[in-house]
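Asker: Below is the file query.cif, which contains mmCIF, C-alpha atoms and all ligand atoms.
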```cif
data_structure
#
loop_
_atom_site.label_atom_id
_atom_site.label_comp_id
_atom_site.auth_asym_id
_atom_site.auth_seq_id
_atom_site.Cartn_x
_atom_site.Cartn_y
_atom_site.Cartn_z
CA MET Q 1 10.10 27.79 10.67
CA LYS Q 2 13.06 28.42 8.41
CA THR Q 3 15.22 31.55 8.23
CA LEU Q 4 16.56 32.29 4.78
CA PHE Q 5 19.36 34.73 4.21
CA LYS Q 6 21.15 36.13 1.20
CA SER Q 7 24.90 35.92 1.36
CA SER Q 8 27.24 38.55 -0.07
CA ASN Q 9 27.30 36.86 -3.48
CA ASN Q 10 23.51 36.57 -3.37
CA THR Q 11 23.37 32.80 -2.91
CA THR Q 12 20.62 31.51 -0.64
CA GLY Q 13 21.37 29.61 2.55
CA PHE Q 14 19.84 28.65 5.88
CA LYS Q 15 20.84 29.79 9.35
CA ARG Q 16 19.42 26.87 11.24
CA PRO Q 17 20.40 23.23 10.85
CA CYS Q 18 17.74 20.98 9.36
CA ARG Q 19 15.35 19.51 11.91
CA GLY Q 20 15.58 16.32 9.83
CA ASN Q 21 19.03 15.71 11.34
CA LYS Q 22 17.54 13.45 14.01
CA LEU Q 23 16.37 10.71 11.72
CA LYS Q 24 15.38 7.21 12.65
CA LEU Q 25 14.71 4.17 10.46
CA ARG Q 26 11.16 2.96 9.91
CA THR Q 27 10.14 -0.16 8.08
CA VAL Q 28 7.17 0.48 5.86
CA SER Q 29 5.43 -2.83 5.35
CA VAL Q 30 2.26 -1.83 3.55
CA ARG Q 31 3.60 -2.47 0.08
CA SER Q 32 3.94 -5.84 -1.53
CA THR Q 33 7.65 -5.60 -0.67
CA SER Q 34 8.53 -4.01 2.64
CA MET Q 35 11.06 -1.21 2.52
CA THR Q 36 12.97 0.85 5.00
CA GLU Q 37 12.86 4.62 4.99
CA GLN Q 38 14.13 7.28 7.33
CA VAL Q 39 11.64 9.37 9.24
CA ASP Q 40 12.23 12.13 11.78
CA LYS Q 41 10.52 12.41 15.16
CA ASP Q 42 7.43 13.93 13.51
CA GLY Q 43 7.06 10.94 11.15
CA VAL Q 44 8.24 13.00 8.18
CA SER Q 45 10.56 11.28 5.69
CA ILE Q 46 11.41 14.27 3.48
CA ARG Q 47 14.02 16.67 4.85
CA ARG Q 48 12.91 20.21 4.05
CA ARG Q 49 16.42 21.53 3.43
CA PRO Q 50 20.02 20.30 3.18
CA PRO Q 51 21.13 19.13 6.66
CA SER Q 52 24.16 21.42 6.64
CA GLY Q 53 22.50 24.32 4.87
CA GLY Q 54 23.32 25.48 1.34
CA ASP Q 55 26.73 24.71 -0.11
CA ARG Q 56 27.76 28.26 0.77
CA GLN Q 57 27.45 29.60 4.30
CA ALA Q 58 27.58 33.15 5.62
CA CYS Q 59 28.95 34.42 8.90
CA GLY Q 60 28.77 38.17 9.37
CA PRO Q 61 30.20 39.78 6.25
CA PHE Q 62 32.04 36.55 5.28
CA ASP Q 63 30.89 33.91 2.88
CA PHE Q 64 32.51 30.48 2.88
CA ARG Q 65 32.06 26.98 1.50
CA VAL Q 66 31.50 24.08 3.92
CA THR Q 67 33.42 20.97 2.93
CA GLY Q 68 32.63 17.29 3.55
CA LEU Q 69 28.86 17.63 3.19
CA ASP Q 70 28.36 14.01 2.23
CA ASP Q 71 24.75 13.86 3.43
CA ASN Q 72 23.98 17.20 1.81
CA LYS Q 73 22.55 15.62 -1.32
CA PRO Q 74 18.81 14.99 -1.71
CA ARG Q 75 17.96 11.37 -0.92
CA ASN Q 76 15.18 11.17 -3.49
CA ILE Q 77 13.30 13.19 -6.08
CA LEU Q 78 10.75 14.57 -3.59
CA GLU Q 79 13.55 15.94 -1.43
CA GLU Q 80 15.18 17.48 -4.50
CA ILE Q 81 11.91 19.15 -5.47
CA VAL Q 82 11.25 20.44 -1.96
CA TRP Q 83 14.78 21.85 -1.58
CA TRP Q 84 14.35 23.68 -4.86
CA LYS Q 85 11.05 25.20 -3.66
CA ALA Q 86 12.81 27.36 -1.04
CA LYS Q 87 14.72 29.16 -3.78
CA GLU Q 88 11.75 29.26 -6.13
CA ILE Q 89 9.44 30.83 -3.54
CA ASP Q 90 12.05 33.50 -2.74
CA TYR Q 91 12.18 34.34 -6.43
CA MET Q 92 8.39 34.36 -6.79
CA ARG Q 93 7.99 36.61 -3.76
CA GLU Q 94 10.46 39.08 -5.21
CA LYS Q 95 8.38 39.29 -8.39
CA GLN Q 96 4.96 39.30 -6.68
CA SER Q 97 4.53 40.12 -2.99
CA LEU Q 98 2.12 38.30 -0.69
CA ALA Q 99 0.24 41.59 -0.28
CA LEU Q 100 -0.33 41.70 -4.02
CA LEU Q 101 -1.51 38.08 -4.08
CA LYS Q 102 -3.93 38.80 -1.23
CA ALA Q 103 -5.44 41.67 -3.22
CA MET Q 104 -5.86 39.34 -6.22
CA VAL Q 105 -7.47 36.69 -4.00
CA ASN Q 106 -9.93 39.26 -2.63
CA SER Q 107 -11.14 40.14 -6.10
CA ALA Q 108 -11.14 36.54 -7.45
CA PRO Q 109 -14.38 34.61 -8.12
CA PRO Q 110 -15.29 32.35 -5.15
CA ALA Q 111 -13.72 28.90 -4.81
CA ARG Q 112 -15.83 25.98 -6.03
CA ASP Q 113 -16.61 22.91 -3.92
CA PHE Q 114 -14.04 20.31 -5.05
CA LYS Q 115 -15.29 17.48 -2.88
CA ALA Q 116 -18.96 18.03 -3.77
CA ALA Q 117 -18.09 17.87 -7.48
CA ILE Q 118 -16.43 14.46 -6.99
CA MET Q 119 -19.33 13.05 -4.96
CA LYS Q 120 -21.88 14.33 -7.49
CA LYS Q 121 -20.12 12.71 -10.45
CA ALA Q 122 -19.53 9.48 -8.55
CA GLY Q 123 -23.23 9.39 -7.63
CA GLU Q 124 -24.25 9.88 -11.26
CA THR Q 125 -21.90 7.31 -12.81
CA GLY Q 126 -21.37 4.71 -10.09
CA LYS Q 127 -17.63 5.07 -10.81
CA PRO Q 128 -15.01 6.85 -8.69
CA GLY Q 129 -15.08 10.60 -9.32
CA LEU Q 130 -12.27 11.42 -11.74
CA ILE Q 131 -9.64 14.08 -11.04
CA ALA Q 132 -7.95 14.33 -14.45
CA GLU Q 133 -4.44 15.75 -14.41
CA VAL Q 134 -3.08 18.35 -16.82
CA LYS Q 135 0.49 17.00 -16.91
CA LYS Q 136 3.10 17.71 -19.58
CA ALA Q 137 6.11 15.94 -18.10
CA SER Q 138 7.32 14.20 -14.96
CA PRO Q 139 10.61 13.22 -13.34
CA SER Q 140 9.83 9.53 -13.87
CA LYS Q 141 8.69 9.67 -17.52
CA GLY Q 142 10.19 12.86 -19.00
CA VAL Q 143 7.91 14.56 -21.54
CA ILE Q 144 4.60 12.70 -21.68
CA GLN Q 145 2.72 15.00 -24.07
CA PRO Q 146 4.96 17.04 -26.43
CA ASP Q 147 1.90 18.67 -28.06
CA PHE Q 148 0.81 20.20 -24.76
CA ASP Q 149 -2.00 22.74 -24.82
CA PRO Q 150 -3.30 22.99 -21.22
CA VAL Q 151 -6.58 24.69 -22.10
CA ARG Q 152 -7.42 22.23 -24.90
CA ILE Q 153 -6.65 19.30 -22.60
CA ALA Q 154 -8.66 20.78 -19.70
CA LYS Q 155 -11.70 21.35 -21.94
CA ALA Q 156 -11.46 17.81 -23.32
CA TYR Q 157 -11.28 16.40 -19.77
CA GLU Q 158 -14.40 18.33 -18.79
CA GLU Q 159 -16.24 17.20 -21.93
CA GLY Q 160 -15.21 13.59 -21.29
CA GLY Q 161 -16.75 13.56 -17.80
CA ALA Q 162 -14.02 14.49 -15.31
CA ALA Q 163 -15.36 15.70 -11.97
CA CYS Q 164 -12.35 17.91 -11.21
CA LEU Q 165 -9.00 18.77 -12.77
CA SER Q 166 -5.52 18.66 -11.28
CA VAL Q 167 -3.12 21.23 -12.76
CA LEU Q 168 0.59 20.75 -12.17
CA THR Q 169 2.14 24.12 -11.39
CA ASP Q 170 5.76 23.04 -10.84
CA GLU Q 171 7.95 24.35 -13.67
CA LYS Q 172 11.35 22.77 -13.14
CA PHE Q 173 10.39 19.11 -12.74
CA PHE Q 174 6.96 18.86 -14.44
CA GLN Q 175 7.03 21.69 -16.99
CA GLY Q 176 3.82 23.04 -15.48
CA SER Q 177 2.99 26.57 -14.36
CA PHE Q 178 0.66 28.71 -12.27
CA ASP Q 179 -0.18 30.39 -15.58
CA ASN Q 180 -1.76 27.13 -16.75
CA LEU Q 181 -4.14 27.28 -13.79
CA ARG Q 182 -5.00 30.89 -14.62
CA LEU Q 183 -5.52 30.17 -18.33
CA ILE Q 184 -7.73 27.13 -17.69
CA ARG Q 185 -9.88 29.07 -15.25
CA ALA Q 186 -10.08 32.08 -17.60
CA ALA Q 187 -11.16 29.79 -20.47
CA GLY Q 188 -14.42 29.08 -18.63
CA VAL Q 189 -13.74 25.49 -17.51
CA GLN Q 190 -16.34 24.72 -14.81
CA CYS Q 191 -14.70 21.72 -13.10
CA PRO Q 192 -13.06 22.66 -9.78
CA LEU Q 193 -9.27 22.92 -10.07
CA LEU Q 194 -6.59 21.41 -7.84
CA CYS Q 195 -3.32 23.33 -7.56
CA LYS Q 196 -0.86 20.42 -7.84
CA GLU Q 197 2.12 22.02 -6.18
CA PHE Q 198 4.74 20.89 -3.67
CA VAL Q 199 3.56 23.22 -0.94
CA VAL Q 200 5.92 24.16 1.87
CA GLU Q 201 4.72 27.71 2.52
CA ALA Q 202 1.43 29.62 2.75
CA TYR Q 203 2.60 31.86 -0.10
CA GLN Q 204 2.01 29.01 -2.57
CA VAL Q 205 -1.56 28.49 -1.35
CA PHE Q 206 -2.34 32.19 -1.92
CA LYS Q 207 -0.71 31.99 -5.33
CA GLY Q 208 -2.86 28.98 -6.27
CA ARG Q 209 -6.07 30.73 -5.16
CA ALA Q 210 -5.08 33.93 -6.96
CA CYS Q 211 -4.72 31.87 -10.16
CA GLY Q 212 -8.15 30.27 -9.75
CA ALA Q 213 -7.50 27.04 -7.82
CA ASP Q 214 -10.27 25.64 -5.62
CA ALA Q 215 -8.14 23.05 -3.80
CA VAL Q 216 -4.48 22.48 -3.05
CA LEU Q 217 -2.24 19.43 -2.59
CA LEU Q 218 -0.45 18.91 0.75
CA ILE Q 219 1.98 15.97 1.08
CA ALA Q 220 2.27 14.13 4.41
CA SER Q 221 5.88 13.00 3.90
CA VAL Q 222 6.91 16.64 3.50
CA LEU Q 223 4.84 18.36 6.20
CA PRO Q 224 4.79 17.55 9.92
CA ASN Q 225 1.33 17.77 11.52
CA GLN Q 226 1.87 21.27 12.86
CA ASP Q 227 2.71 22.64 9.42
CA MET Q 228 -0.03 20.55 7.83
CA ALA Q 229 -2.65 21.90 10.26
CA TYR Q 230 -1.43 25.46 9.66
CA LEU Q 231 -1.57 25.14 5.86
CA MET Q 232 -5.02 23.52 6.08
CA LYS Q 233 -6.18 26.56 8.05
CA VAL Q 234 -4.70 28.91 5.47
CA ALA Q 235 -6.51 26.99 2.70
CA ALA Q 236 -9.79 26.97 4.67
CA SER Q 237 -9.51 30.74 5.21
CA LEU Q 238 -9.54 31.05 1.40
CA ASN Q 239 -12.48 28.59 1.16
CA MET Q 240 -10.20 26.04 -0.49
CA GLN Q 241 -10.13 22.33 0.27
CA CYS Q 242 -6.98 20.21 0.59
CA LEU Q 243 -6.04 16.94 -1.04
CA ILE Q 244 -3.79 15.44 1.62
CA GLU Q 245 -1.50 12.81 0.15
CA VAL Q 246 -0.12 9.79 2.01
CA HIS Q 247 1.87 6.82 0.81
CA SER Q 248 1.96 4.62 3.90
CA VAL Q 249 -0.23 3.46 6.78
CA GLU Q 250 1.94 5.44 9.21
CA GLU Q 251 1.31 8.66 7.33
CA LEU Q 252 -2.42 7.95 7.19
CA GLU Q 253 -2.50 7.34 10.96
CA ARG Q 254 -0.74 10.66 11.49
CA MET Q 255 -3.16 12.54 9.21
CA LEU Q 256 -6.18 11.06 10.99
CA LEU Q 257 -5.12 12.98 14.10
CA LEU Q 258 -5.61 16.31 12.35
CA PRO Q 259 -8.66 18.46 13.11
CA ASP Q 260 -11.14 18.96 10.27
CA ILE Q 261 -9.66 16.17 8.18
CA GLU Q 262 -13.21 15.13 7.17
CA LYS Q 263 -13.77 18.48 5.45
CA ASN Q 264 -10.88 17.62 3.14
CA ILE Q 265 -9.86 14.69 0.95
CA LEU Q 266 -7.17 12.07 1.51
CA GLY Q 267 -5.18 10.60 -1.35
CA ILE Q 268 -3.05 7.45 -1.49
CA ASN Q 269 -0.15 7.74 -3.90
CA ASN Q 270 0.73 4.44 -5.55
CA ARG Q 271 4.05 5.78 -6.82
CA ASP Q 272 7.09 5.04 -4.68
CA LEU Q 273 9.09 8.24 -4.96
CA GLN Q 274 12.36 6.48 -4.09
CA THR Q 275 12.16 4.05 -7.01
CA PHE Q 276 9.31 5.53 -9.14
CA LYS Q 277 7.74 2.07 -9.12
CA VAL Q 278 3.95 2.23 -9.23
CA ASP Q 279 1.93 -0.41 -7.42
CA LEU Q 280 -1.86 -0.18 -7.10
CA ALA Q 281 -1.62 -2.65 -4.22
CA ASN Q 282 -0.51 0.30 -2.09
CA THR Q 283 -4.07 1.65 -2.18
CA LYS Q 284 -5.54 -1.73 -1.23
CA ASN Q 285 -3.02 -2.40 1.54
CA ILE Q 286 -3.60 0.98 3.13
CA MET Q 287 -7.38 0.77 2.80
CA ASP Q 288 -7.30 -2.72 4.40
CA SER Q 289 -5.33 -1.45 7.43
CA GLU Q 290 -6.92 -0.37 10.74
CA ALA Q 291 -6.40 3.26 9.69
CA GLY Q 292 -8.13 2.49 6.39
CA LYS Q 293 -11.10 1.05 8.29
CA GLN Q 294 -11.27 4.22 10.37
CA VAL Q 295 -11.34 6.27 7.19
CA LYS Q 296 -14.38 4.31 6.01
CA GLU Q 297 -16.14 4.63 9.39
CA ARG Q 298 -15.53 8.37 9.45
CA GLY Q 299 -16.79 8.73 5.85
CA ILE Q 300 -13.62 10.42 4.60
CA LEU Q 301 -13.37 10.69 0.81
CA MET Q 302 -10.30 8.80 -0.44
CA VAL Q 303 -8.51 9.19 -3.77
CA GLY Q 304 -6.39 6.50 -5.48
CA GLU Q 305 -3.49 8.30 -7.20
CA SER Q 306 -1.01 7.34 -9.94
CA GLY Q 307 -0.59 4.38 -12.25
CA ILE Q 308 -4.25 4.01 -13.28
CA PHE Q 309 -4.37 2.97 -16.95
CA THR Q 310 -7.27 0.57 -17.55
CA PRO Q 311 -10.90 -0.04 -16.50
CA ASP Q 312 -9.56 -2.99 -14.46
CA ASP Q 313 -7.26 -0.61 -12.57
CA VAL Q 314 -10.26 1.64 -11.83
CA ALA Q 315 -12.27 -1.36 -10.59
CA PHE Q 316 -9.35 -2.52 -8.43
CA VAL Q 317 -8.98 0.76 -6.52
CA GLN Q 318 -12.75 1.25 -6.34
CA ASN Q 319 -13.10 -2.20 -4.76
CA ALA Q 320 -10.35 -1.23 -2.35
CA GLY Q 321 -12.65 1.55 -1.12
CA VAL Q 322 -11.69 4.81 -2.82
CA GLY Q 323 -14.38 7.23 -4.01
CA ALA Q 324 -12.13 9.08 -6.45
CA ILE Q 325 -9.13 8.56 -8.72
CA LEU Q 326 -6.39 10.92 -9.87
CA VAL Q 327 -5.16 10.10 -13.37
CA GLY Q 328 -2.48 11.86 -15.39
CA GLU Q 329 -0.30 9.98 -17.84
CA SER Q 330 -2.81 7.51 -19.28
CA LEU Q 331 -5.21 10.35 -20.27
CA VAL Q 332 -2.88 13.20 -21.13
CA LYS Q 333 -0.93 11.24 -23.71
CA GLN Q 334 -4.02 10.40 -25.75
CA GLY Q 335 -4.89 12.32 -28.90
CA ASP Q 336 -8.50 12.48 -27.73
CA PRO Q 337 -8.49 12.78 -23.92
CA ALA Q 338 -12.32 13.01 -23.79
CA LEU Q 339 -12.60 9.60 -25.46
CA GLY Q 340 -9.81 8.36 -23.17
CA ILE Q 341 -11.95 9.20 -20.12
CA LYS Q 342 -15.02 7.47 -21.55
CA GLN Q 343 -12.97 4.34 -22.24
CA LEU Q 344 -11.24 4.40 -18.84
CA LEU Q 345 -14.50 4.81 -16.92
CA THR Q 346 -16.50 2.73 -19.44
CA LEU Q 347 -19.14 5.50 -19.62
O1 LIG N 401 4.87 11.48 -11.72
C1 LIG N 401 6.02 11.49 -11.23
O2 LIG N 401 7.02 11.03 -11.84
C2 LIG N 401 6.28 12.10 -9.88
C3 LIG N 401 7.58 12.18 -9.42
C4 LIG N 401 7.84 12.79 -8.20
C5 LIG N 401 6.83 13.31 -7.44
C6 LIG N 401 5.53 13.22 -7.89
C7 LIG N 401 5.24 12.63 -9.09
N1 LIG N 401 3.96 12.57 -9.58
C8 LIG N 401 2.90 13.31 -9.00
C9 LIG N 401 1.63 12.60 -9.03
O3 LIG N 401 1.04 12.47 -8.00
C10 LIG N 401 1.05 12.12 -10.33
O4 LIG N 401 1.26 13.11 -11.30
C11 LIG N 401 -0.44 11.81 -10.28
O5 LIG N 401 -0.76 10.98 -9.25
C12 LIG N 401 -0.86 11.17 -11.61
O6 LIG N 401 -0.09 10.00 -11.82
P1 LIG N 401 -0.11 9.23 -13.21
O7 LIG N 401 -1.55 8.92 -13.55
O8 LIG N 401 0.67 7.98 -13.00
O9 LIG N 401 0.48 10.14 -14.22
#
```
Kindly return the structure encoded in the file as C-alpha cells.
Ligand SMILES: O=C(O)c1ccccc1NCC(=O)[C@H](O)[C@H](O)COP(=O)(O)O

Answerer:
Amino acid sequence: MKTLFKSSNNTTGFKRPCRGNKLKLRTVSVRSTSMTEQVDKDGVSIRRRPPSGGDRQACGPFDFRVTGLDDNKPRNILEEIVWWKAKEIDYMREKQSLALLKAMVNSAPPARDFKAAIMKKAGETGKPGLIAEVKKASPSKGVIQPDFDPVRIAKAYEEGGAACLSVLTDEKFFQGSFDNLRLIRAAGVQCPLLCKEFVVEAYQVFKGRACGADAVLLIASVLPNQDMAYLMKVAASLNMQCLIEVHSVEELERMLLLPDIEKNILGINNRDLQTFKVDLANTKNIMDSEAGKQVKERGILMVGESGIFTPDDVAFVQNAGVGAILVGESLVKQGDPALGIKQLLTL
C-alpha cells in the first residue's frame, strides 16, 4: 500500500502520490439535505495521505520543500485524523514491534463474542443492545468529561446494563488511549470491548487485541473494499469481530459486497464529519433504502451511532430497524452513568 520513508532531517514523507488524486463528485442524497462529497474510484471519500506527500520531500540524499501544495490540507476532520495515523503508527512501531504485539496476543485471554453479547441483552430487554462509549473528549465537543476515570466509567456502564463497551484509543483528537482498553480489561469488566480506533493498518488491530479488545472499528469512507476485506481477515484471525461504519447508502452498498459481512456488525454514523451536524434521520434514510432492506433480509446486525440522547431517540432508531445503539456523550457526561443508562433505555 503506502511506502513511508524518513528523510535526512527525520521527517516522514511518502514516495507515491495519493491514490485519492483521481477524485470525482458524488451527491449523497440520503440525508434530509443532500450534499456533495468527493469520492475516488473505489467509493472512498477520505484521502489516506496528502496528495503531494508530506510538506518535505526527499530525493536521494536531498531533502526539499514542495511549494504550491494548495490541496495538501485535510478536507475534513476524518482526513486530518487519518493523515496523523501514519506518523503515529510509525512511532508506535518503533516503541513496540509487531512481533512483540503478536507474542502478547498469543498469551492474551480469548476474545469474547461482541455480537452475541448485544443480541443477548437486546433479547432480555426488548431494547437495542447498548454499546456504551468511554469517551473523554471529541473534535466536535472538546472535553466532555473533565473528571474522566475510564475504569470507573466502564464499571458503571456494565452495572447500568450495557451489552458492550466502546473504548476510544485515539490520543490526539479524543484524549483516549490503548492503555484505557488494557486497564478496563484488567479491572475485570466482563462486557466485550470495542477498540474505537481509526484503523488504517493491521498493526492497530494487533495492538487492540493485545490490550484486550474483542472487536475493532473499521470505517468505510477511509478503507476501500480491498483494504477492508484484508483488515476483516486480520481481525477474524485474532477471533475479533468488526464494527463496520458507514454514513451513506453508497457506502452500505459497497460493504454489502464484502465476504463474511454477516459475521460482523454494520454501524450507521449519524454524525456528518464535514459539518459535525448530527441527524438521526440518517439511520432511518439508510435503513429505508434498498440496501437497508437487504440488510434486514440478510439478518445483519445494525448499530445506530452518535447523537442519541433520549428514550425517544432510542425508539426512533429502533423503529428504523437497528438492533444496537452506540452512545457516548449523553452517558459519559453524567455523574452517575449507570443511572443514565437505565433512564435512556427506560429499564
Ligand atoms: O465525536 C466526534 O466529534 C467525532 C469527530 C470525528 C470523527 C468521529 C467522531 N466521533 C466518533 C463516534 O463515532 C462517536 O464517538 C460515537 O458514535 C458516539 O457518539 P455520541 O453519542 O454522539 O458521543

Asker: Could you give me, as a short mmCIF file (atom, residue, chain, number, x, y, z; two decimals) with C-alpha atoms, in the frame of the given file, the residues within 6 Å of stretch 327-332 of chain Q, counting all atoms listed in the file and dropping anything in the same chain fewer than 2 positions from it?

Answerer:
```
data_model
loop_
_atom_site.label_atom_id
_atom_site.label_comp_id
_atom_site.auth_asym_id
_atom_site.auth_seq_id
_atom_site.Cartn_x
_atom_site.Cartn_y
_atom_site.Cartn_z
CA ALA Q 132 -7.95 14.33 -14.45
CA GLU Q 133 -4.44 15.75 -14.41
CA PHE Q 309 -4.37 2.97 -16.95
CA GLN Q 334 -4.02 10.40 -25.75
CA PRO Q 337 -8.49 12.78 -23.92
CA GLY Q 340 -9.81 8.36 -23.17
#
```

Asker: Using all atoms listed in the file, pick whichever of Q:Gln318, Q:Gln294, Q:Pro224, Q:Lys115 has the shortest atom-to-atom distance to Q:Leu243.

Answerer: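 Result for the nearest residue to Q:Leu243: Q:Lys115.
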
Asker: Which residues are near Q:Leu258? Cut-off 12 Å, only C-alpha atoms, ignore same chain within fewer than 2 positions. Put them as a PyMOL selection string.

Answerer: chain Q and resi 220+224-233+244+251-256+260-264+266

Asker: So which one's closest to ligand LIG 401 (chain N), Q:Gln343, Q:Asn319, Q:Ser221, Q:Gln204? Using all atoms listed in the file, please.

Answerer: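 Selected residue with least distance to ligand LIG 401 (chain N): Q:Ser221.
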
Asker: Pick the closest to ligand LIG 401 (chain N) from Q:Arg298, Q:Arg48, Q:Arg271, Q:Lys284: which is it, counting only C-alpha atoms and all ligand atoms?

Answerer: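 Closest residue, counting only C-alpha atoms and all ligand atoms: Q:Arg271.
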
Asker: Got a sec: who's within 10 Å of Q:Ala235, counting all atoms listed in the file, leaving out chain neighbours fewer than 4 positions off, as a list in words?

Answerer: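 Residues meeting the cut-off are Ala202, Val205, Phe206, Gly208, Arg209, Asp214, Ala215, Val216, Ala229, Tyr230, Leu231, Asn239, Met240, Gln241 and Cys242 of chain Q.
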
Asker: May I ask you to write as a ChimeraX atom specification all residues lying at most 7 Å from ligand LIG 401 (chain N), with only C-alpha atoms and all ligand atoms counted?

Answerer: /Q:77-78,133,135,138-141,269,273,276,305-308,326-330

Asker: Name the closest residue to Q:Ile153 among the candidates Q:Leu339, Q:Ile300, Q:Val222, Q:Ala281; distances are taken between atoms, counting only C-alpha atoms.

Answerer: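 Closest to Q:Ile153 of all the choices is Q:Leu339.
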
Asker: Check the smallest atom-to-atom distance from each of Q:Pro311, Q:Val105, Q:Gly292, Q:Arg152 to Q:Ser237 using all atoms listed in the file, then report the winner.

Answerer: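 Looking at the shortest contact to Q:Ser237, the residue is Q:Val105.
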
Asker: Can you measure atom CA of Q:Gly299 to atom CA of Q:Ile219 for me? One decimal in Å is fine.

Answerer: 20.7 Å

Asker: List the neighbours of Q:Pro192 out to 10 Å using all atoms listed in the file; skip same-chain residues closer than 6 positions along the sequence, and give me the result as a list in words.

Answerer: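 The residues that qualify are Ala111, Arg112, Asp113, Phe114, Lys115, Ala116, Ala117, Ile118, Ile131, Ala162, Ala163, Cys164, Leu165, Ser166, Arg185, Gly212, Ala213, Asp214 and Ala215 of chain Q.
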
Asker: Write the residues of the selection above to a file with C-alpha atoms, as a CSV table (one decimal), keeping the file's coordinate frame.

Answerer:
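Resulting contents of out_27.csv:
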```csv
chain,number,residue,atom,x,y,z
Q,111,ALA,CA,-13.7,28.9,-4.8
Q,112,ARG,CA,-15.8,26.0,-6.0
Q,113,ASP,CA,-16.6,22.9,-3.9
Q,114,PHE,CA,-14.0,20.3,-5.0
Q,115,LYS,CA,-15.3,17.5,-2.9
Q,116,ALA,CA,-19.0,18.0,-3.8
Q,117,ALA,CA,-18.1,17.9,-7.5
Q,118,ILE,CA,-16.4,14.5,-7.0
Q,131,ILE,CA,-9.6,14.1,-11.0
Q,162,ALA,CA,-14.0,14.5,-15.3
Q,163,ALA,CA,-15.4,15.7,-12.0
Q,164,CYS,CA,-12.4,17.9,-11.2
Q,165,LEU,CA,-9.0,18.8,-12.8
Q,166,SER,CA,-5.5,18.7,-11.3
Q,185,ARG,CA,-9.9,29.1,-15.2
Q,212,GLY,CA,-8.2,30.3,-9.8
Q,213,ALA,CA,-7.5,27.0,-7.8
Q,214,ASP,CA,-10.3,25.6,-5.6
Q,215,ALA,CA,-8.1,23.0,-3.8
```
